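S.K.: File final-v4.tsv below, TSV, N, CA and C atoms:
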```
chain	number	residue	atom	x	y	z
M	1	MET	N	101.41	-255.64	275.62
M	1	MET	CA	102.35	-254.56	275.81
M	1	MET	C	103.63	-255.06	276.45
M	2	ASN	N	103.49	-255.96	277.39
M	2	ASN	CA	104.66	-256.53	278.04
M	2	ASN	C	105.51	-257.32	277.06
M	3	ALA	N	104.86	-257.91	276.06
M	3	ALA	CA	105.60	-258.70	275.08
M	3	ALA	C	106.52	-257.79	274.25
M	4	ILE	N	106.06	-256.59	273.92
M	4	ILE	CA	106.87	-255.64	273.14
M	4	ILE	C	108.07	-255.19	273.94
M	5	ILE	N	107.86	-254.90	275.20
M	5	ILE	CA	108.97	-254.46	276.06
M	5	ILE	C	109.99	-255.58	276.20
M	6	ASP	N	109.53	-256.83	276.32
M	6	ASP	CA	110.45	-257.97	276.43
M	6	ASP	C	111.26	-258.13	275.15
M	7	ILE	N	110.64	-257.90	273.97
M	7	ILE	CA	111.36	-258.03	272.69
M	7	ILE	C	112.42	-256.93	272.60
M	8	ARG	N	112.10	-255.72	273.02
M	8	ARG	CA	113.07	-254.63	272.98
M	8	ARG	C	114.26	-254.92	273.89
M	9	ASN	N	113.99	-255.41	275.05
M	9	ASN	CA	115.07	-255.75	275.97
M	9	ASN	C	115.94	-256.86	275.40
M	10	ALA	N	115.31	-257.83	274.74
M	10	ALA	CA	116.07	-258.93	274.14
M	10	ALA	C	116.95	-258.40	273.01
M	11	LEU	N	116.44	-257.46	272.21
M	11	LEU	CA	117.21	-256.91	271.10
M	11	LEU	C	118.36	-256.05	271.60
M	12	LYS	N	118.18	-255.33	272.69
M	12	LYS	CA	119.25	-254.52	273.25
M	12	LYS	C	120.44	-255.38	273.62
M	13	SER	N	120.17	-256.50	274.19
M	13	SER	CA	121.27	-257.37	274.58
M	13	SER	C	121.96	-257.96	273.35
M	14	VAL	N	121.23	-258.18	272.25
M	14	VAL	CA	121.83	-258.72	271.03
M	14	VAL	C	122.63	-257.64	270.31
M	15	GLN	N	122.14	-256.40	270.30
M	15	GLN	CA	122.78	-255.34	269.55
M	15	GLN	C	124.11	-254.90	270.16
M	16	SER	N	124.25	-254.97	271.43
M	16	SER	CA	125.48	-254.50	272.04
M	16	SER	C	126.20	-255.65	272.75
M	17	PRO	N	127.18	-256.24	272.06
M	17	PRO	CA	127.94	-257.30	272.72
M	17	PRO	C	128.69	-256.75	273.93
M	18	SER	N	129.08	-257.60	274.81
M	18	SER	CA	129.69	-257.17	276.05
M	18	SER	C	131.06	-256.52	275.85
M	19	PHE	N	131.78	-256.85	274.77
M	19	PHE	CA	133.12	-256.28	274.58
M	19	PHE	C	133.09	-254.92	273.88
M	20	VAL	N	131.91	-254.49	273.35
M	20	VAL	CA	131.78	-253.19	272.69
M	20	VAL	C	130.89	-252.30	273.54
M	21	SER	N	131.37	-251.13	273.87
M	21	SER	CA	130.58	-250.24	274.71
M	21	SER	C	129.48	-249.58	273.90
M	22	GLU	N	128.48	-249.09	274.59
M	22	GLU	CA	127.35	-248.41	273.93
M	22	GLU	C	127.82	-247.14	273.22
M	23	TRP	N	128.78	-246.44	273.82
M	23	TRP	CA	129.31	-245.21	273.23
M	23	TRP	C	129.97	-245.50	271.89
M	24	THR	N	130.70	-246.59	271.76
M	24	THR	CA	131.37	-246.96	270.51
M	24	THR	C	130.36	-247.27	269.43
M	25	LEU	N	129.31	-248.00	269.79
M	25	LEU	CA	128.27	-248.30	268.79
M	25	LEU	C	127.59	-247.03	268.31
M	26	ASN	N	127.27	-246.12	269.21
M	26	ASN	CA	126.64	-244.86	268.82
M	26	ASN	C	127.58	-244.03	267.93
M	27	SER	N	128.85	-244.04	268.27
M	27	SER	CA	129.83	-243.30	267.49
M	27	SER	C	129.95	-243.88	266.08
M	28	LEU	N	129.98	-245.21	265.97
M	28	LEU	CA	130.04	-245.85	264.65
M	28	LEU	C	128.78	-245.58	263.84
M	29	ARG	N	127.63	-245.68	264.51
M	29	ARG	CA	126.36	-245.43	263.84
M	29	ARG	C	126.30	-243.98	263.34
M	30	GLU	N	126.73	-243.03	264.15
M	30	GLU	CA	126.74	-241.62	263.76
M	30	GLU	C	127.71	-241.36	262.61
M	31	SER	N	128.88	-241.98	262.65
M	31	SER	CA	129.86	-241.82	261.57
M	31	SER	C	129.32	-242.38	260.26
M	32	PHE	N	128.65	-243.53	260.33
M	32	PHE	CA	128.08	-244.13	259.13
M	32	PHE	C	126.99	-243.24	258.55
M	33	MET	N	126.13	-242.70	259.41
M	33	MET	CA	125.05	-241.84	258.93
M	33	MET	C	125.60	-240.53	258.35
M	34	ASN	N	126.65	-239.99	258.96
M	34	ASN	CA	127.26	-238.77	258.42
M	34	ASN	C	127.95	-239.04	257.09
M	35	PHE	N	128.44	-240.26	256.91
M	35	PHE	CA	129.06	-240.61	255.63
M	35	PHE	C	128.02	-240.67	254.51
M	36	ILE	N	126.86	-241.27	254.83
M	36	ILE	CA	125.80	-241.40	253.82
M	36	ILE	C	125.04	-240.10	253.65
M	37	PHE	N	124.67	-239.48	254.75
M	37	PHE	CA	123.92	-238.23	254.73
M	37	PHE	C	124.74	-237.17	255.45
M	38	PRO	N	125.54	-236.40	254.73
M	38	PRO	CA	126.40	-235.42	255.40
M	38	PRO	C	125.56	-234.37	256.14
M	39	THR	N	126.11	-233.94	257.23
M	39	THR	CA	125.44	-232.93	258.04
M	39	THR	C	125.60	-231.57	257.37
M	40	ALA	N	124.50	-230.85	257.27
M	40	ALA	CA	124.52	-229.52	256.65
M	40	ALA	C	124.70	-228.48	257.75
M	41	PHE	N	125.78	-227.75	257.67
M	41	PHE	CA	126.04	-226.68	258.63
M	41	PHE	C	125.69	-225.35	257.99
M	42	ALA	N	125.25	-224.41	258.78
M	42	ALA	CA	124.91	-223.09	258.28
M	42	ALA	C	126.19	-222.38	257.83
M	43	GLN	N	126.10	-221.73	256.68
M	43	GLN	CA	127.23	-220.99	256.12
M	43	GLN	C	127.12	-219.52	256.50
M	44	GLU	N	128.26	-218.86	256.51
M	44	GLU	CA	128.24	-217.43	256.75
M	44	GLU	C	127.67	-216.73	255.52
M	45	ALA	N	127.01	-215.64	255.75
M	45	ALA	CA	126.42	-214.88	254.64
M	45	ALA	C	127.54	-214.31	253.78
M	46	ALA	N	127.40	-214.50	252.46
M	46	ALA	CA	128.40	-213.98	251.54
M	46	ALA	C	128.19	-212.49	251.34
M	47	GLY	N	129.28	-211.77	251.23
M	47	GLY	CA	129.19	-210.33	250.99
M	47	GLY	C	128.83	-210.05	249.54
M	48	GLN	N	128.36	-208.86	249.26
M	48	GLN	CA	128.02	-208.49	247.90
M	48	GLN	C	129.29	-208.27	247.09
M	49	PRO	N	129.26	-208.60	245.79
M	49	PRO	CA	130.45	-208.35	244.98
M	49	PRO	C	130.74	-206.85	244.90
M	50	SER	N	131.99	-206.53	244.74
M	50	SER	CA	132.38	-205.12	244.73
M	50	SER	C	131.92	-204.44	243.43
M	51	MET	N	131.86	-203.13	243.46
M	51	MET	CA	131.45	-202.36	242.29
M	51	MET	C	132.46	-202.51	241.17
M	52	THR	N	133.72	-202.66	241.52
M	52	THR	CA	134.77	-202.83	240.51
M	52	THR	C	134.53	-204.11	239.72
M	53	TYR	N	134.19	-205.18	240.41
M	53	TYR	CA	133.92	-206.46	239.74
M	53	TYR	C	132.76	-206.30	238.76
M	54	ASN	N	131.70	-205.63	239.18
M	54	ASN	CA	130.55	-205.43	238.29
M	54	ASN	C	130.94	-204.61	237.07
M	55	LEU	N	131.74	-203.57	237.26
M	55	LEU	CA	132.15	-202.74	236.13
M	55	LEU	C	133.04	-203.52	235.16
M	56	VAL	N	133.95	-204.32	235.70
M	56	VAL	CA	134.82	-205.13	234.84
M	56	VAL	C	133.99	-206.14	234.06
M	57	LEU	N	133.02	-206.77	234.70
M	57	LEU	CA	132.15	-207.73	234.03
M	57	LEU	C	131.35	-207.05	232.92
M	58	PHE	N	130.77	-205.90	233.22
M	58	PHE	CA	129.99	-205.16	232.22
M	58	PHE	C	130.88	-204.71	231.06
M	59	GLY	N	132.08	-204.22	231.37
M	59	GLY	CA	133.02	-203.80	230.33
M	59	GLY	C	133.46	-204.98	229.46
M	60	GLY	N	133.70	-206.12	230.07
M	60	GLY	CA	134.07	-207.31	229.31
M	60	GLY	C	132.96	-207.75	228.37
M	61	MET	N	131.72	-207.67	228.83
M	61	MET	CA	130.59	-208.02	227.96
M	61	MET	C	130.49	-207.04	226.79
M	62	PHE	N	130.72	-205.76	227.04
M	62	PHE	CA	130.67	-204.77	225.97
M	62	PHE	C	131.77	-205.02	224.95
M	63	VAL	N	132.98	-205.36	225.41
M	63	VAL	CA	134.10	-205.65	224.50
M	63	VAL	C	133.77	-206.88	223.64
M	64	LEU	N	133.22	-207.93	224.24
M	64	LEU	CA	132.83	-209.11	223.46
M	64	LEU	C	131.75	-208.76	222.44
M	65	PHE	N	130.77	-207.97	222.84
M	65	PHE	CA	129.71	-207.54	221.92
M	65	PHE	C	130.32	-206.79	220.74
M	66	TYR	N	131.27	-205.91	221.02
M	66	TYR	CA	131.92	-205.14	219.96
M	66	TYR	C	132.70	-206.05	219.03
M	67	LEU	N	133.49	-206.95	219.58
M	67	LEU	CA	134.36	-207.80	218.76
M	67	LEU	C	133.59	-208.84	217.97
M	68	ILE	N	132.52	-209.37	218.53
M	68	ILE	CA	131.80	-210.46	217.87
M	68	ILE	C	130.71	-209.96	216.93
M	69	LEU	N	130.02	-208.90	217.28
M	69	LEU	CA	128.88	-208.46	216.47
M	69	LEU	C	129.11	-207.15	215.72
M	70	TRP	N	129.45	-206.13	216.44
M	70	TRP	CA	129.46	-204.77	215.89
M	70	TRP	C	130.55	-204.57	214.85
M	71	ARG	N	131.77	-204.91	215.16
M	71	ARG	CA	132.90	-204.67	214.27
M	71	ARG	C	132.79	-205.44	212.95
M	72	PRO	N	132.52	-206.76	212.96
M	72	PRO	CA	132.39	-207.48	211.68
M	72	PRO	C	131.24	-206.95	210.82
M	73	GLN	N	130.11	-206.58	211.46
M	73	GLN	CA	128.98	-206.07	210.69
M	73	GLN	C	129.32	-204.74	210.03
M	74	SER	N	129.98	-203.86	210.75
M	74	SER	CA	130.33	-202.57	210.15
M	74	SER	C	131.37	-202.74	209.05
M	75	LYS	N	132.24	-203.72	209.19
M	75	LYS	CA	133.23	-204.00	208.14
M	75	LYS	C	132.55	-204.49	206.87
M	76	ARG	N	131.57	-205.41	207.03
M	76	ARG	CA	130.83	-205.89	205.86
M	76	ARG	C	130.03	-204.77	205.21
M	77	ALA	N	129.42	-203.90	206.03
M	77	ALA	CA	128.63	-202.79	205.49
M	77	ALA	C	129.53	-201.83	204.72
M	78	LYS	N	130.73	-201.58	205.21
M	78	LYS	CA	131.67	-200.69	204.51
M	78	LYS	C	132.10	-201.30	203.18
M	79	GLU	N	132.40	-202.61	203.18
M	79	GLU	CA	132.79	-203.28	201.94
M	79	GLU	C	131.66	-203.24	200.91
M	80	HIS	N	130.40	-203.44	201.37
M	80	HIS	CA	129.26	-203.40	200.45
M	80	HIS	C	129.05	-202.00	199.89
M	81	LYS	N	129.23	-200.98	200.73
M	81	LYS	CA	129.10	-199.60	200.28
M	81	LYS	C	130.16	-199.28	199.22
M	82	ASP	N	131.40	-199.73	199.44
M	82	ASP	CA	132.47	-199.53	198.46
M	82	ASP	C	132.16	-200.26	197.16
M	83	LEU	N	131.59	-201.47	197.27
M	83	LEU	CA	131.22	-202.25	196.08
M	83	LEU	C	130.16	-201.52	195.26
M	84	ILE	N	129.14	-201.01	195.93
M	84	ILE	CA	128.05	-200.31	195.24
M	84	ILE	C	128.55	-199.04	194.57
M	85	SER	N	129.42	-198.31	195.25
M	85	SER	CA	129.92	-197.07	194.66
M	85	SER	C	130.87	-197.33	193.48
M	86	SER	N	131.44	-198.53	193.40
M	86	SER	CA	132.37	-198.83	192.30
M	86	SER	C	131.67	-199.39	191.06
M	87	VAL	N	130.36	-199.64	191.12
M	87	VAL	CA	129.64	-200.19	189.97
M	87	VAL	C	129.55	-199.11	188.89
M	88	SER	N	129.89	-199.50	187.67
M	88	SER	CA	129.82	-198.56	186.54
M	88	SER	C	129.22	-199.27	185.33
M	89	LYS	N	128.93	-198.49	184.30
M	89	LYS	CA	128.33	-199.03	183.07
M	89	LYS	C	129.27	-200.05	182.45
M	90	GLY	N	128.71	-201.21	182.05
M	90	GLY	CA	129.50	-202.26	181.42
M	90	GLY	C	129.93	-203.36	182.39
M	91	ASP	N	129.80	-203.13	183.69
M	91	ASP	CA	130.16	-204.17	184.66
M	91	ASP	C	129.13	-205.29	184.64
M	92	GLU	N	129.59	-206.49	184.89
M	92	GLU	CA	128.69	-207.63	185.04
M	92	GLU	C	128.48	-207.85	186.53
M	93	ILE	N	127.21	-207.92	186.94
M	93	ILE	CA	126.90	-208.01	188.37
M	93	ILE	C	125.99	-209.19	188.66
M	94	MET	N	125.92	-209.54	189.92
M	94	MET	CA	124.95	-210.51	190.41
M	94	MET	C	124.21	-209.83	191.56
M	95	THR	N	122.87	-209.93	191.56
M	95	THR	CA	122.07	-209.31	192.60
M	95	THR	C	121.90	-210.27	193.77
M	96	SER	N	121.37	-209.75	194.86
M	96	SER	CA	121.12	-210.59	196.02
M	96	SER	C	120.04	-211.62	195.75
M	97	GLY	N	119.21	-211.40	194.74
M	97	GLY	CA	118.18	-212.36	194.35
M	97	GLY	C	118.70	-213.42	193.40
M	98	GLY	N	119.94	-213.28	192.92
M	98	GLY	CA	120.53	-214.28	192.04
M	98	GLY	C	120.52	-213.92	190.57
M	99	LEU	N	119.97	-212.76	190.20
M	99	LEU	CA	119.98	-212.35	188.79
M	99	LEU	C	121.38	-211.89	188.40
M	100	MET	N	121.78	-212.28	187.18
M	100	MET	CA	123.07	-211.82	186.66
M	100	MET	C	122.81	-211.04	185.39
M	101	GLY	N	123.55	-209.95	185.23
M	101	GLY	CA	123.37	-209.15	184.04
M	101	GLY	C	124.47	-208.11	183.92
M	102	LYS	N	124.36	-207.35	182.81
M	102	LYS	CA	125.34	-206.32	182.51
M	102	LYS	C	124.70	-204.96	182.78
M	103	VAL	N	125.42	-204.10	183.49
M	103	VAL	CA	124.92	-202.77	183.84
M	103	VAL	C	124.89	-201.91	182.58
M	104	SER	N	123.70	-201.35	182.29
M	104	SER	CA	123.58	-200.50	181.11
M	104	SER	C	123.43	-199.03	181.45
M	105	ASN	N	123.03	-198.72	182.68
M	105	ASN	CA	122.88	-197.33	183.09
M	105	ASN	C	123.01	-197.25	184.62
M	106	VAL	N	123.65	-196.18	185.11
M	106	VAL	CA	123.83	-196.02	186.55
M	106	VAL	C	123.33	-194.64	186.96
M	107	ASN	N	122.44	-194.59	187.97
M	107	ASN	CA	121.98	-193.34	188.58
M	107	ASN	C	122.48	-193.30	190.02
M	108	ASP	N	121.99	-192.34	190.79
M	108	ASP	CA	122.43	-192.22	192.19
M	108	ASP	C	122.00	-193.43	193.02
M	109	ASP	N	120.72	-193.81	192.92
M	109	ASP	CA	120.19	-194.90	193.74
M	109	ASP	C	119.83	-196.15	192.94
M	110	TYR	N	119.72	-196.02	191.62
M	110	TYR	CA	119.24	-197.13	190.80
M	110	TYR	C	120.23	-197.46	189.70
M	111	ILE	N	120.15	-198.71	189.22
M	111	ILE	CA	120.94	-199.13	188.06
M	111	ILE	C	120.01	-199.87	187.11
M	112	ALA	N	120.34	-199.82	185.83
M	112	ALA	CA	119.60	-200.58	184.82
M	112	ALA	C	120.48	-201.75	184.43
M	113	VAL	N	119.94	-202.95	184.53
M	113	VAL	CA	120.70	-204.17	184.26
M	113	VAL	C	120.06	-204.89	183.08
M	114	GLU	N	120.89	-205.19	182.08
M	114	GLU	CA	120.42	-205.94	180.93
M	114	GLU	C	120.66	-207.42	181.20
M	115	VAL	N	119.56	-208.19	181.36
M	115	VAL	CA	119.68	-209.61	181.69
M	115	VAL	C	119.61	-210.49	180.46
M	116	ALA	N	119.04	-209.96	179.36
M	116	ALA	CA	118.98	-210.65	178.07
M	116	ALA	C	118.85	-209.56	177.01
M	117	GLU	N	118.86	-209.97	175.74
M	117	GLU	CA	118.73	-208.96	174.68
M	117	GLU	C	117.40	-208.25	174.80
M	118	ASN	N	117.46	-206.93	174.84
M	118	ASN	CA	116.29	-206.05	174.92
M	118	ASN	C	115.46	-206.28	176.20
M	119	VAL	N	116.05	-206.85	177.24
M	119	VAL	CA	115.37	-207.01	178.54
M	119	VAL	C	116.21	-206.26	179.57
M	120	VAL	N	115.69	-205.10	180.01
M	120	VAL	CA	116.42	-204.27	180.95
M	120	VAL	C	115.58	-204.14	182.23
M	121	LEU	N	116.21	-204.43	183.35
M	121	LEU	CA	115.55	-204.32	184.65
M	121	LEU	C	116.15	-203.16	185.42
M	122	LYS	N	115.29	-202.39	186.08
M	122	LYS	CA	115.78	-201.31	186.93
M	122	LYS	C	115.76	-201.82	188.37
M	123	LEU	N	116.92	-201.74	189.03
M	123	LEU	CA	117.09	-202.25	190.39
M	123	LEU	C	117.71	-201.19	191.27
M	124	GLN	N	117.53	-201.33	192.57
M	124	GLN	CA	118.22	-200.47	193.51
M	124	GLN	C	119.68	-200.90	193.57
M	125	LYS	N	120.55	-199.94	193.78
M	125	LYS	CA	121.98	-200.26	193.88
M	125	LYS	C	122.28	-201.20	195.05
M	126	SER	N	121.50	-201.08	196.11
M	126	SER	CA	121.76	-201.90	197.29
M	126	SER	C	121.50	-203.38	197.07
M	127	SER	N	120.81	-203.73	195.97
M	127	SER	CA	120.55	-205.15	195.70
M	127	SER	C	121.73	-205.84	195.02
M	128	VAL	N	122.79	-205.09	194.68
M	128	VAL	CA	123.97	-205.70	194.07
M	128	VAL	C	124.72	-206.48	195.13
M	129	ALA	N	124.97	-207.78	194.86
M	129	ALA	CA	125.67	-208.64	195.81
M	129	ALA	C	127.14	-208.79	195.44
M	130	ALA	N	127.43	-208.79	194.13
M	130	ALA	CA	128.83	-208.98	193.71
M	130	ALA	C	129.02	-208.43	192.31
M	131	VAL	N	130.23	-207.97	192.06
M	131	VAL	CA	130.64	-207.58	190.71
M	131	VAL	C	131.44	-208.75	190.16
M	132	LEU	N	130.99	-209.27	189.03
M	132	LEU	CA	131.62	-210.46	188.44
M	132	LEU	C	132.75	-210.06	187.50
M	133	PRO	N	133.71	-210.94	187.29
M	133	PRO	CA	134.76	-210.66	186.30
M	133	PRO	C	134.15	-210.59	184.89
M	134	LYS	N	134.78	-209.79	184.03
M	134	LYS	CA	134.28	-209.63	182.66
M	134	LYS	C	134.26	-210.99	181.95
M	135	GLY	N	133.15	-211.25	181.23
M	135	GLY	CA	133.02	-212.48	180.45
M	135	GLY	C	132.39	-213.63	181.22
M	136	THR	N	132.02	-213.42	182.45
M	136	THR	CA	131.42	-214.50	183.25
M	136	THR	C	130.06	-214.91	182.71
M	137	ILE	N	129.24	-213.94	182.34
M	137	ILE	CA	127.89	-214.24	181.86
M	137	ILE	C	127.96	-214.96	180.52
M	138	SER	N	128.87	-214.60	179.64
M	138	SER	CA	128.96	-215.26	178.33
M	138	SER	C	129.45	-216.70	178.46
M	139	GLN	N	130.17	-217.01	179.54
M	139	GLN	CA	130.65	-218.39	179.75
M	139	GLN	C	129.55	-219.31	180.28
M	140	ILE	N	128.54	-218.74	180.89
M	140	ILE	CA	127.45	-219.55	181.46
M	140	ILE	C	126.48	-219.84	180.40
```
Before we go any further, please render this structure as structure tokens.
M.R.:
Amino acid sequence: MNAIIDIRNALKSVQSPSFVSEWTLNSLRESFMNFIFPTAFAQEAAGQPSMTYNLVLFGGMFVLFYLILWRPQSKRAKEHKDLISSVSKGDEIMTSGGLMGKVSNVNDDYIAVEVAENVVLKLQKSSVAAVLPKGTISQI
């Protein structure tokens, strides 16, 4: 046990040269440790965000939802509805399944499409994807 105490005393004299005070060494050691491991100080409690901020945030999200999703979808739905209502006998159409043919009969909800000679298919009007220019089917 005495040997350990003697080693500690010997190291103390080596660690602190006579021209450097103990306070300076402690200050340097503390500065170095604070540089490597910064001291964490307690922060003040943050207040709750105001109701105005929450309303503006919610309103901004609603505007983005409207501009990105709702408006373009309703525009496409309106264009498709106009397309379906403009289909008449003799038009060449393409369905959403990829069938192309000439409209031979139009009802309120259904159309009859001639895809080949004497081959007539009855389809829902909503399955029409596009009205083709006249003569498109004969060119294919």
S.K.: I'd like the interatomic distance between atom C of M:Gln73 and atom C of M:Val56, to a tenth of an Å.
M.R.: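 Interatomic distance, atom C of M:Gln73 to atom C of M:Val56: 24.5 Å.
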S.K.: Let me know the centre plus edge lengths, in Å and rounded to one decimal, of a box with edges along x, y and z that contains all listed atoms of stretch 28-43 of chain M and is padded by 4 Å on every side, as lines of an AutoDock Vina configuration file.
M.R.:
```
center_x = 127.0
center_y = -232.7
center_z = 259.8
size_x = 14.1
size_y = 34.3
size_z = 20.3
```
S.K.: Could you list, as a list in words, every residue within 5 Å of M:Ile93, counting only N, CA and C atoms and ignoring same-chain residues fewer than 5 positions away?
M.R.: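 Using only N, CA and C atoms, the neighbours found are Met100, Gly101, Ala130, Val131 and Leu132 of chain M.
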S.K.: In Å, rounded to a single decimal, give me how far atom CA of M:Tyr66 is from atom CA of M:Ala129.
M.R.: 25.2 Å
S.K.: Write out as a ChimeraX atom specification all residues of chain M that DSSP puts in strand (DSSP E) for this structure's backbone.
M.R.: /M:92-95,100-106,110-116,119-124,128-132
S.K.: How many Å separate atom N of M:Asp109 from atom CA of M:Gln124?
M.R.: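 Taking atom N of M:Asp109 as the start and atom CA of M:Gln124 as the end point, the length is 7.1 Å.
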S.K.: Please provide as a PyMOL selection string all residues within 8 Å of M:Lys134, with the sequence filter that same-chain residues fewer than 5 positions apart are discarded (counting only N, CA and C atoms).
M.R.: chain M and resi 90-92+139
S.K.: Give the alpha helix (DSSP H) residues of stretch 32-81 of chain M, as DSSP finds them on the backbone, and put them as a PyMOL selection string.
M.R.: chain M and resi 32-36+51-65+71-81
S.K.: Okay, now the selection with N, CA and C atoms, as a CSV table (one decimal), in the coordinates of the input?
M.R.:
```csv
chain,number,residue,atom,x,y,z
M,32,PHE,N,128.6,-243.5,260.3
M,32,PHE,CA,128.1,-244.1,259.1
M,32,PHE,C,127.0,-243.2,258.6
M,33,MET,N,126.1,-242.7,259.4
M,33,MET,CA,125.0,-241.8,258.9
M,33,MET,C,125.6,-240.5,258.4
M,34,ASN,N,126.6,-240.0,259.0
M,34,ASN,CA,127.3,-238.8,258.4
M,34,ASN,C,128.0,-239.0,257.1
M,35,PHE,N,128.4,-240.3,256.9
M,35,PHE,CA,129.1,-240.6,255.6
M,35,PHE,C,128.0,-240.7,254.5
M,36,ILE,N,126.9,-241.3,254.8
M,36,ILE,CA,125.8,-241.4,253.8
M,36,ILE,C,125.0,-240.1,253.6
M,51,MET,N,131.9,-203.1,243.5
M,51,MET,CA,131.4,-202.4,242.3
M,51,MET,C,132.5,-202.5,241.2
M,52,THR,N,133.7,-202.7,241.5
M,52,THR,CA,134.8,-202.8,240.5
M,52,THR,C,134.5,-204.1,239.7
M,53,TYR,N,134.2,-205.2,240.4
M,53,TYR,CA,133.9,-206.5,239.7
M,53,TYR,C,132.8,-206.3,238.8
M,54,ASN,N,131.7,-205.6,239.2
M,54,ASN,CA,130.6,-205.4,238.3
M,54,ASN,C,130.9,-204.6,237.1
M,55,LEU,N,131.7,-203.6,237.3
M,55,LEU,CA,132.2,-202.7,236.1
M,55,LEU,C,133.0,-203.5,235.2
M,56,VAL,N,134.0,-204.3,235.7
M,56,VAL,CA,134.8,-205.1,234.8
M,56,VAL,C,134.0,-206.1,234.1
M,57,LEU,N,133.0,-206.8,234.7
M,57,LEU,CA,132.2,-207.7,234.0
M,57,LEU,C,131.4,-207.0,232.9
M,58,PHE,N,130.8,-205.9,233.2
M,58,PHE,CA,130.0,-205.2,232.2
M,58,PHE,C,130.9,-204.7,231.1
M,59,GLY,N,132.1,-204.2,231.4
M,59,GLY,CA,133.0,-203.8,230.3
M,59,GLY,C,133.5,-205.0,229.5
M,60,GLY,N,133.7,-206.1,230.1
M,60,GLY,CA,134.1,-207.3,229.3
M,60,GLY,C,133.0,-207.8,228.4
M,61,MET,N,131.7,-207.7,228.8
M,61,MET,CA,130.6,-208.0,228.0
M,61,MET,C,130.5,-207.0,226.8
M,62,PHE,N,130.7,-205.8,227.0
M,62,PHE,CA,130.7,-204.8,226.0
M,62,PHE,C,131.8,-205.0,225.0
M,63,VAL,N,133.0,-205.4,225.4
M,63,VAL,CA,134.1,-205.6,224.5
M,63,VAL,C,133.8,-206.9,223.6
M,64,LEU,N,133.2,-207.9,224.2
M,64,LEU,CA,132.8,-209.1,223.5
M,64,LEU,C,131.8,-208.8,222.4
M,65,PHE,N,130.8,-208.0,222.8
M,65,PHE,CA,129.7,-207.5,221.9
M,65,PHE,C,130.3,-206.8,220.7
M,71,ARG,N,131.8,-204.9,215.2
M,71,ARG,CA,132.9,-204.7,214.3
M,71,ARG,C,132.8,-205.4,213.0
M,72,PRO,N,132.5,-206.8,213.0
M,72,PRO,CA,132.4,-207.5,211.7
M,72,PRO,C,131.2,-207.0,210.8
M,73,GLN,N,130.1,-206.6,211.5
M,73,GLN,CA,129.0,-206.1,210.7
M,73,GLN,C,129.3,-204.7,210.0
M,74,SER,N,130.0,-203.9,210.8
M,74,SER,CA,130.3,-202.6,210.2
M,74,SER,C,131.4,-202.7,209.0
M,75,LYS,N,132.2,-203.7,209.2
M,75,LYS,CA,133.2,-204.0,208.1
M,75,LYS,C,132.6,-204.5,206.9
M,76,ARG,N,131.6,-205.4,207.0
M,76,ARG,CA,130.8,-205.9,205.9
M,76,ARG,C,130.0,-204.8,205.2
M,77,ALA,N,129.4,-203.9,206.0
M,77,ALA,CA,128.6,-202.8,205.5
M,77,ALA,C,129.5,-201.8,204.7
M,78,LYS,N,130.7,-201.6,205.2
M,78,LYS,CA,131.7,-200.7,204.5
M,78,LYS,C,132.1,-201.3,203.2
M,79,GLU,N,132.4,-202.6,203.2
M,79,GLU,CA,132.8,-203.3,201.9
M,79,GLU,C,131.7,-203.2,200.9
M,80,HIS,N,130.4,-203.4,201.4
M,80,HIS,CA,129.3,-203.4,200.4
M,80,HIS,C,129.0,-202.0,199.9
M,81,LYS,N,129.2,-201.0,200.7
M,81,LYS,CA,129.1,-199.6,200.3
M,81,LYS,C,130.2,-199.3,199.2
```
S.K.: Pick out the closest residue to M:Val87 from this set: M:Gln48, M:Leu123, M:Val103, M:Gly59. Count only N, CA and C atoms.
M.R.: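 Selected residue with least distance to M:Val87: M:Val103.
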S.K.: May I ask which of the residues M:Trp70, M:Lys81, M:Thr95, M:Lys102 is the closest one to M:Ala116, counting all atoms listed in the file?
M.R.: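 The answer is M:Lys102, which sits nearest to M:Ala116.
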